[in-house]
file query24.pdb (PDB, C-alpha atoms, pLDDT in the B column)
ATOM      1  CA  MET A   1     -15.359  -8.440   1.442  1.00 55.00           C
ATOM      2  CA  ALA A   2     -15.469  -4.650   1.684  1.00 60.00           C
ATOM      3  CA  PRO A   3     -14.726  -2.395  -1.307  1.00 76.00           C
ATOM      4  CA  THR A   4     -11.052  -1.476  -1.249  1.00 87.00           C
ATOM      5  CA  MET A   5     -10.733   1.017  -4.145  1.00 95.00           C
ATOM      6  CA  PHE A   6      -8.592   4.137  -3.740  1.00 97.00           C
ATOM      7  CA  THR A   7      -9.999   7.521  -4.756  1.00 95.00           C
ATOM      8  CA  ARG A   8      -6.824   8.076  -6.799  1.00 96.00           C
ATOM      9  CA  PRO A   9      -4.593   5.257  -8.043  1.00 97.00           C
ATOM     10  CA  ILE A  10      -0.860   5.135  -7.406  1.00 97.00           C
ATOM     11  CA  ASN A  11       1.528   4.478 -10.293  1.00 96.00           C
ATOM     12  CA  ILE A  12       4.766   2.678  -9.562  1.00 94.00           C
ATOM     13  CA  ASP A  13       7.132   0.923 -11.977  1.00 85.00           C
ATOM     14  CA  GLY A  14       4.528   1.103 -14.760  1.00 90.00           C
ATOM     15  CA  ILE A  15       1.950  -0.594 -12.563  1.00 93.00           C
ATOM     16  CA  THR A  16      -1.257   1.079 -11.446  1.00 96.00           C
ATOM     17  CA  ILE A  17      -2.214   0.344  -7.853  1.00 97.00           C
ATOM     18  CA  GLY A  18      -5.891   1.181  -7.534  1.00 97.00           C
ATOM     19  CA  ASP A  19      -6.955  -0.611  -4.375  1.00 97.00           C
ATOM     20  CA  ALA A  20      -5.770  -2.108  -1.113  1.00 97.00           C
ATOM     21  CA  ASP A  21      -5.593  -5.592  -2.659  1.00 97.00           C
ATOM     22  CA  ALA A  22      -3.115  -4.462  -5.322  1.00 97.00           C
ATOM     23  CA  ALA A  23      -1.155  -2.441  -2.756  1.00 97.00           C
ATOM     24  CA  ALA A  24      -0.825  -5.433  -0.438  1.00 97.00           C
ATOM     25  CA  ASP A  25       0.204  -7.658  -3.345  1.00 97.00           C
ATOM     26  CA  TYR A  26       2.851  -5.160  -4.443  1.00 97.00           C
ATOM     27  CA  LEU A  27       4.184  -4.789  -0.905  1.00 97.00           C
ATOM     28  CA  LEU A  28       4.395  -8.546  -0.418  1.00 96.00           C
ATOM     29  CA  ASN A  29       5.774  -9.507  -3.825  1.00 96.00           C
ATOM     30  CA  ASN A  30       7.575  -6.557  -5.422  1.00 94.00           C
ATOM     31  CA  TRP A  31       8.780  -4.279  -2.654  1.00 95.00           C
ATOM     32  CA  PRO A  32      12.511  -3.485  -2.771  1.00 92.00           C
ATOM     33  CA  ALA A  33      12.950  -4.026   0.975  1.00 87.00           C
ATOM     34  CA  ASP A  34      11.460  -6.599   3.309  1.00 84.00           C
ATOM     35  CA  SER A  35      11.610  -4.491   6.421  1.00 89.00           C
ATOM     36  CA  GLY A  36      11.019  -1.024   7.695  1.00 94.00           C
ATOM     37  CA  GLU A  37       8.607   0.531  10.147  1.00 97.00           C
ATOM     38  CA  ARG A  38       6.434   2.133   7.465  1.00 97.00           C
ATOM     39  CA  TYR A  39       6.612  -0.986   5.283  1.00 97.00           C
ATOM     40  CA  ASP A  40       5.315  -3.154   8.136  1.00 97.00           C
ATOM     41  CA  PHE A  41       2.623  -0.596   8.928  1.00 98.00           C
ATOM     42  CA  ALA A  42       1.528  -0.406   5.272  1.00 98.00           C
ATOM     43  CA  LYS A  43       1.215  -4.199   5.019  1.00 97.00           C
ATOM     44  CA  ARG A  44      -0.917  -4.283   8.149  1.00 98.00           C
ATOM     45  CA  VAL A  45      -3.161  -1.392   7.078  1.00 98.00           C
ATOM     46  CA  CYS A  46      -3.666  -2.815   3.569  1.00 98.00           C
ATOM     47  CA  LEU A  47      -4.684  -6.184   4.986  1.00 97.00           C
ATOM     48  CA  GLU A  48      -7.033  -4.499   7.464  1.00 97.00           C
ATOM     49  CA  ALA A  49      -8.614  -2.528   4.597  1.00 97.00           C
ATOM     50  CA  ILE A  50      -9.133  -5.769   2.667  1.00 96.00           C
ATOM     51  CA  GLU A  51     -10.842  -7.229   5.739  1.00 95.00           C
ATOM     52  CA  GLY A  52     -13.088  -4.155   5.997  1.00 95.00           C
ATOM     53  CA  LYS A  53     -11.520  -3.013   9.260  1.00 96.00           C
ATOM     54  CA  ARG A  54      -9.874   0.133   7.803  1.00 96.00           C
ATOM     55  CA  ASP A  55     -10.742   2.707   5.184  1.00 96.00           C
ATOM     56  CA  PRO A  56      -9.014   2.069   1.840  1.00 97.00           C
ATOM     57  CA  GLU A  57      -7.659   5.625   1.943  1.00 98.00           C
ATOM     58  CA  ASP A  58      -5.750   4.696   5.115  1.00 98.00           C
ATOM     59  CA  ALA A  59      -4.110   1.919   3.092  1.00 98.00           C
ATOM     60  CA  ARG A  60      -3.283   4.350   0.283  1.00 98.00           C
ATOM     61  CA  ALA A  61      -1.697   6.805   2.722  1.00 98.00           C
ATOM     62  CA  ALA A  62       0.294   4.042   4.418  1.00 98.00           C
ATOM     63  CA  PHE A  63       1.526   2.768   1.034  1.00 97.00           C
ATOM     64  CA  LEU A  64       2.719   6.263   0.113  1.00 97.00           C
ATOM     65  CA  LEU A  65       4.587   6.588   3.425  1.00 97.00           C
ATOM     66  CA  ALA A  66       6.237   3.212   2.880  1.00 97.00           C
ATOM     67  CA  ALA A  67       7.269   4.300  -0.613  1.00 96.00           C
ATOM     68  CA  GLU A  68       8.855   7.426   0.844  1.00 95.00           C
ATOM     69  CA  GLU A  69      10.698   5.345   3.466  1.00 95.00           C
ATOM     70  CA  ALA A  70      12.037   2.937   0.806  1.00 94.00           C
ATOM     71  CA  GLY A  71      12.929   5.667  -1.689  1.00 92.00           C
ATOM     72  CA  VAL A  72      10.529   4.214  -4.242  1.00 91.00           C
ATOM     73  CA  ILE A  73       9.803   6.524  -7.158  1.00 88.00           C
ATOM     74  CA  LEU A  74       6.127   6.982  -7.932  1.00 89.00           C
ATOM     75  CA  THR A  75       5.115   8.110 -11.397  1.00 77.00           C
TER      76      THR A  75
END

call {"tool": "encode", "arguments": {"input": "query24.pdb", "output": "structure tokens"}}
result
Amino acid sequence: MAPTMFTRPINIDGITIGDADAAADYLLNNWPADSGERYDFAKRVCLEAIEGKRDPEDARAAFLLAAEEAGVILT
């Protein structure tokens, strides 16, 4: 499995998301919406990063876009 660490972690709801694995887990289990174009894209990119097919920073960027789409507050 490829390294999936982000260069800078994302903080959301008191949780630190530091890699594509944690981002995918948060999207699948804690996300406030279960649909949305950016949400679907972020899930796909995170899973591809875990598989080594995408750069982890692509997953980070996709997660941030999904958060914007869903109105999620990042701390």

call {"tool": "resolve_selection", "arguments": {"input": "query24.pdb", "expression": "the PyMOL selection byres ((chain A and resi 20-37) around 7)", "output": "ChimeraX atom specification"}}
result
/A:4-5,17-19,38-41,43,46-47,49-50,56,59,63

call {"tool": "atom_distance", "arguments": {"input": "query24.pdb", "atom1": "CA of Thr16 in chain A", "atom2": "CA of Thr75 in chain A"}}
result
9.5 Å

call {"tool": "atom_distance", "arguments": {"input": "query24.pdb", "atom1": "CA of Thr7 in chain A", "atom2": "CA of Leu64 in chain A"}}
result
13.7 Å

call {"tool": "atom_distance", "arguments": {"input": "query24.pdb", "atom1": "CA of Arg60 in chain A", "atom2": "CA of Pro3 in chain A"}}
result
13.4 Å

call {"tool": "build_atoms", "arguments": {"input": "query24.pdb", "residues": "range 38-68 of chain A", "atoms": "N, CA and C atoms", "output": "PDB file, keeping the file's coordinate frame"}}
result
ATOM      1  N   ARG A  38       7.570   1.729   8.304  1.00 97.00           N
ATOM      2  CA  ARG A  38       6.434   2.133   7.465  1.00 97.00           C
ATOM      3  C   ARG A  38       5.997   1.001   6.536  1.00 97.00           C
ATOM      4  N   TYR A  39       6.941   0.187   6.101  1.00 97.00           N
ATOM      5  CA  TYR A  39       6.612  -0.986   5.283  1.00 97.00           C
ATOM      6  C   TYR A  39       5.716  -1.935   6.074  1.00 97.00           C
ATOM      7  N   ASP A  40       6.109  -2.260   7.293  1.00 97.00           N
ATOM      8  CA  ASP A  40       5.315  -3.154   8.136  1.00 97.00           C
ATOM      9  C   ASP A  40       3.938  -2.567   8.407  1.00 97.00           C
ATOM     10  N   PHE A  41       3.892  -1.265   8.671  1.00 98.00           N
ATOM     11  CA  PHE A  41       2.623  -0.596   8.928  1.00 98.00           C
ATOM     12  C   PHE A  41       1.732  -0.656   7.679  1.00 98.00           C
ATOM     13  N   ALA A  42       2.303  -0.393   6.512  1.00 98.00           N
ATOM     14  CA  ALA A  42       1.528  -0.406   5.272  1.00 98.00           C
ATOM     15  C   ALA A  42       0.947  -1.790   4.995  1.00 98.00           C
ATOM     16  N   LYS A  43       1.731  -2.836   5.205  1.00 97.00           N
ATOM     17  CA  LYS A  43       1.215  -4.199   5.019  1.00 97.00           C
ATOM     18  C   LYS A  43       0.010  -4.441   5.919  1.00 97.00           C
ATOM     19  N   ARG A  44       0.156  -4.064   7.181  1.00 98.00           N
ATOM     20  CA  ARG A  44      -0.917  -4.283   8.149  1.00 98.00           C
ATOM     21  C   ARG A  44      -2.176  -3.499   7.774  1.00 98.00           C
ATOM     22  N   VAL A  45      -2.007  -2.229   7.405  1.00 98.00           N
ATOM     23  CA  VAL A  45      -3.161  -1.392   7.078  1.00 98.00           C
ATOM     24  C   VAL A  45      -3.848  -1.879   5.796  1.00 98.00           C
ATOM     25  N   CYS A  46      -3.069  -2.293   4.801  1.00 98.00           N
ATOM     26  CA  CYS A  46      -3.666  -2.815   3.569  1.00 98.00           C
ATOM     27  C   CYS A  46      -4.494  -4.067   3.861  1.00 98.00           C
ATOM     28  N   LEU A  47      -3.954  -4.970   4.646  1.00 97.00           N
ATOM     29  CA  LEU A  47      -4.684  -6.184   4.986  1.00 97.00           C
ATOM     30  C   LEU A  47      -5.932  -5.879   5.801  1.00 97.00           C
ATOM     31  N   GLU A  48      -5.852  -4.905   6.696  1.00 97.00           N
ATOM     32  CA  GLU A  48      -7.033  -4.499   7.464  1.00 97.00           C
ATOM     33  C   GLU A  48      -8.083  -3.868   6.557  1.00 97.00           C
ATOM     34  N   ALA A  49      -7.663  -3.118   5.552  1.00 97.00           N
ATOM     35  CA  ALA A  49      -8.614  -2.528   4.597  1.00 97.00           C
ATOM     36  C   ALA A  49      -9.301  -3.633   3.794  1.00 97.00           C
ATOM     37  N   ILE A  50      -8.554  -4.639   3.407  1.00 96.00           N
ATOM     38  CA  ILE A  50      -9.133  -5.769   2.667  1.00 96.00           C
ATOM     39  C   ILE A  50     -10.178  -6.477   3.524  1.00 96.00           C
ATOM     40  N   GLU A  51      -9.915  -6.574   4.811  1.00 95.00           N
ATOM     41  CA  GLU A  51     -10.842  -7.229   5.739  1.00 95.00           C
ATOM     42  C   GLU A  51     -12.022  -6.335   6.121  1.00 95.00           C
ATOM     43  N   GLY A  52     -12.006  -5.077   5.668  1.00 95.00           N
ATOM     44  CA  GLY A  52     -13.088  -4.155   5.997  1.00 95.00           C
ATOM     45  C   GLY A  52     -12.932  -3.476   7.338  1.00 95.00           C
ATOM     46  N   LYS A  53     -11.767  -3.598   7.945  1.00 96.00           N
ATOM     47  CA  LYS A  53     -11.520  -3.013   9.260  1.00 96.00           C
ATOM     48  C   LYS A  53     -10.946  -1.607   9.183  1.00 96.00           C
ATOM     49  N   ARG A  54     -10.462  -1.197   7.999  1.00 96.00           N
ATOM     50  CA  ARG A  54      -9.874   0.133   7.803  1.00 96.00           C
ATOM     51  C   ARG A  54     -10.405   0.710   6.511  1.00 96.00           C
ATOM     52  N   ASP A  55     -10.366   2.013   6.406  1.00 96.00           N
ATOM     53  CA  ASP A  55     -10.742   2.707   5.184  1.00 96.00           C
ATOM     54  C   ASP A  55      -9.648   2.486   4.133  1.00 96.00           C
ATOM     55  N   PRO A  56     -10.022   2.237   2.885  1.00 97.00           N
ATOM     56  CA  PRO A  56      -9.014   2.069   1.840  1.00 97.00           C
ATOM     57  C   PRO A  56      -8.061   3.260   1.713  1.00 97.00           C
ATOM     58  N   GLU A  57      -8.533   4.454   2.025  1.00 98.00           N
ATOM     59  CA  GLU A  57      -7.659   5.625   1.943  1.00 98.00           C
ATOM     60  C   GLU A  57      -6.558   5.587   2.998  1.00 98.00           C
ATOM     61  N   ASP A  58      -6.812   4.910   4.123  1.00 98.00           N
ATOM     62  CA  ASP A  58      -5.750   4.696   5.115  1.00 98.00           C
ATOM     63  C   ASP A  58      -4.654   3.820   4.508  1.00 98.00           C
ATOM     64  N   ALA A  59      -5.070   2.805   3.747  1.00 98.00           N
ATOM     65  CA  ALA A  59      -4.110   1.919   3.092  1.00 98.00           C
ATOM     66  C   ALA A  59      -3.307   2.686   2.051  1.00 98.00           C
ATOM     67  N   ARG A  60      -3.972   3.546   1.294  1.00 98.00           N
ATOM     68  CA  ARG A  60      -3.283   4.350   0.283  1.00 98.00           C
ATOM     69  C   ARG A  60      -2.229   5.241   0.940  1.00 98.00           C
ATOM     70  N   ALA A  61      -2.622   5.910   2.018  1.00 98.00           N
ATOM     71  CA  ALA A  61      -1.697   6.805   2.722  1.00 98.00           C
ATOM     72  C   ALA A  61      -0.516   6.025   3.294  1.00 98.00           C
ATOM     73  N   ALA A  62      -0.780   4.864   3.851  1.00 98.00           N
ATOM     74  CA  ALA A  62       0.294   4.042   4.418  1.00 98.00           C
ATOM     75  C   ALA A  62       1.240   3.559   3.319  1.00 98.00           C
ATOM     76  N   PHE A  63       0.698   3.191   2.156  1.00 97.00           N
ATOM     77  CA  PHE A  63       1.526   2.768   1.034  1.00 97.00           C
ATOM     78  C   PHE A  63       2.444   3.902   0.599  1.00 97.00           C
ATOM     79  N   LEU A  64       1.915   5.112   0.513  1.00 97.00           N
ATOM     80  CA  LEU A  64       2.719   6.263   0.113  1.00 97.00           C
ATOM     81  C   LEU A  64       3.840   6.539   1.118  1.00 97.00           C
ATOM     82  N   LEU A  65       3.552   6.401   2.401  1.00 97.00           N
ATOM     83  CA  LEU A  65       4.587   6.588   3.425  1.00 97.00           C
ATOM     84  C   LEU A  65       5.672   5.518   3.317  1.00 97.00           C
ATOM     85  N   ALA A  66       5.257   4.290   3.045  1.00 97.00           N
ATOM     86  CA  ALA A  66       6.237   3.212   2.880  1.00 97.00           C
ATOM     87  C   ALA A  66       7.112   3.467   1.657  1.00 97.00           C
ATOM     88  N   ALA A  67       6.505   3.985   0.594  1.00 96.00           N
ATOM     89  CA  ALA A  67       7.269   4.300  -0.613  1.00 96.00           C
ATOM     90  C   ALA A  67       8.308   5.371  -0.314  1.00 96.00           C
ATOM     91  N   GLU A  68       7.919   6.366   0.449  1.00 95.00           N
ATOM     92  CA  GLU A  68       8.855   7.426   0.844  1.00 95.00           C
ATOM     93  C   GLU A  68      10.017   6.846   1.641  1.00 95.00           C
TER      94      GLU A  68
END
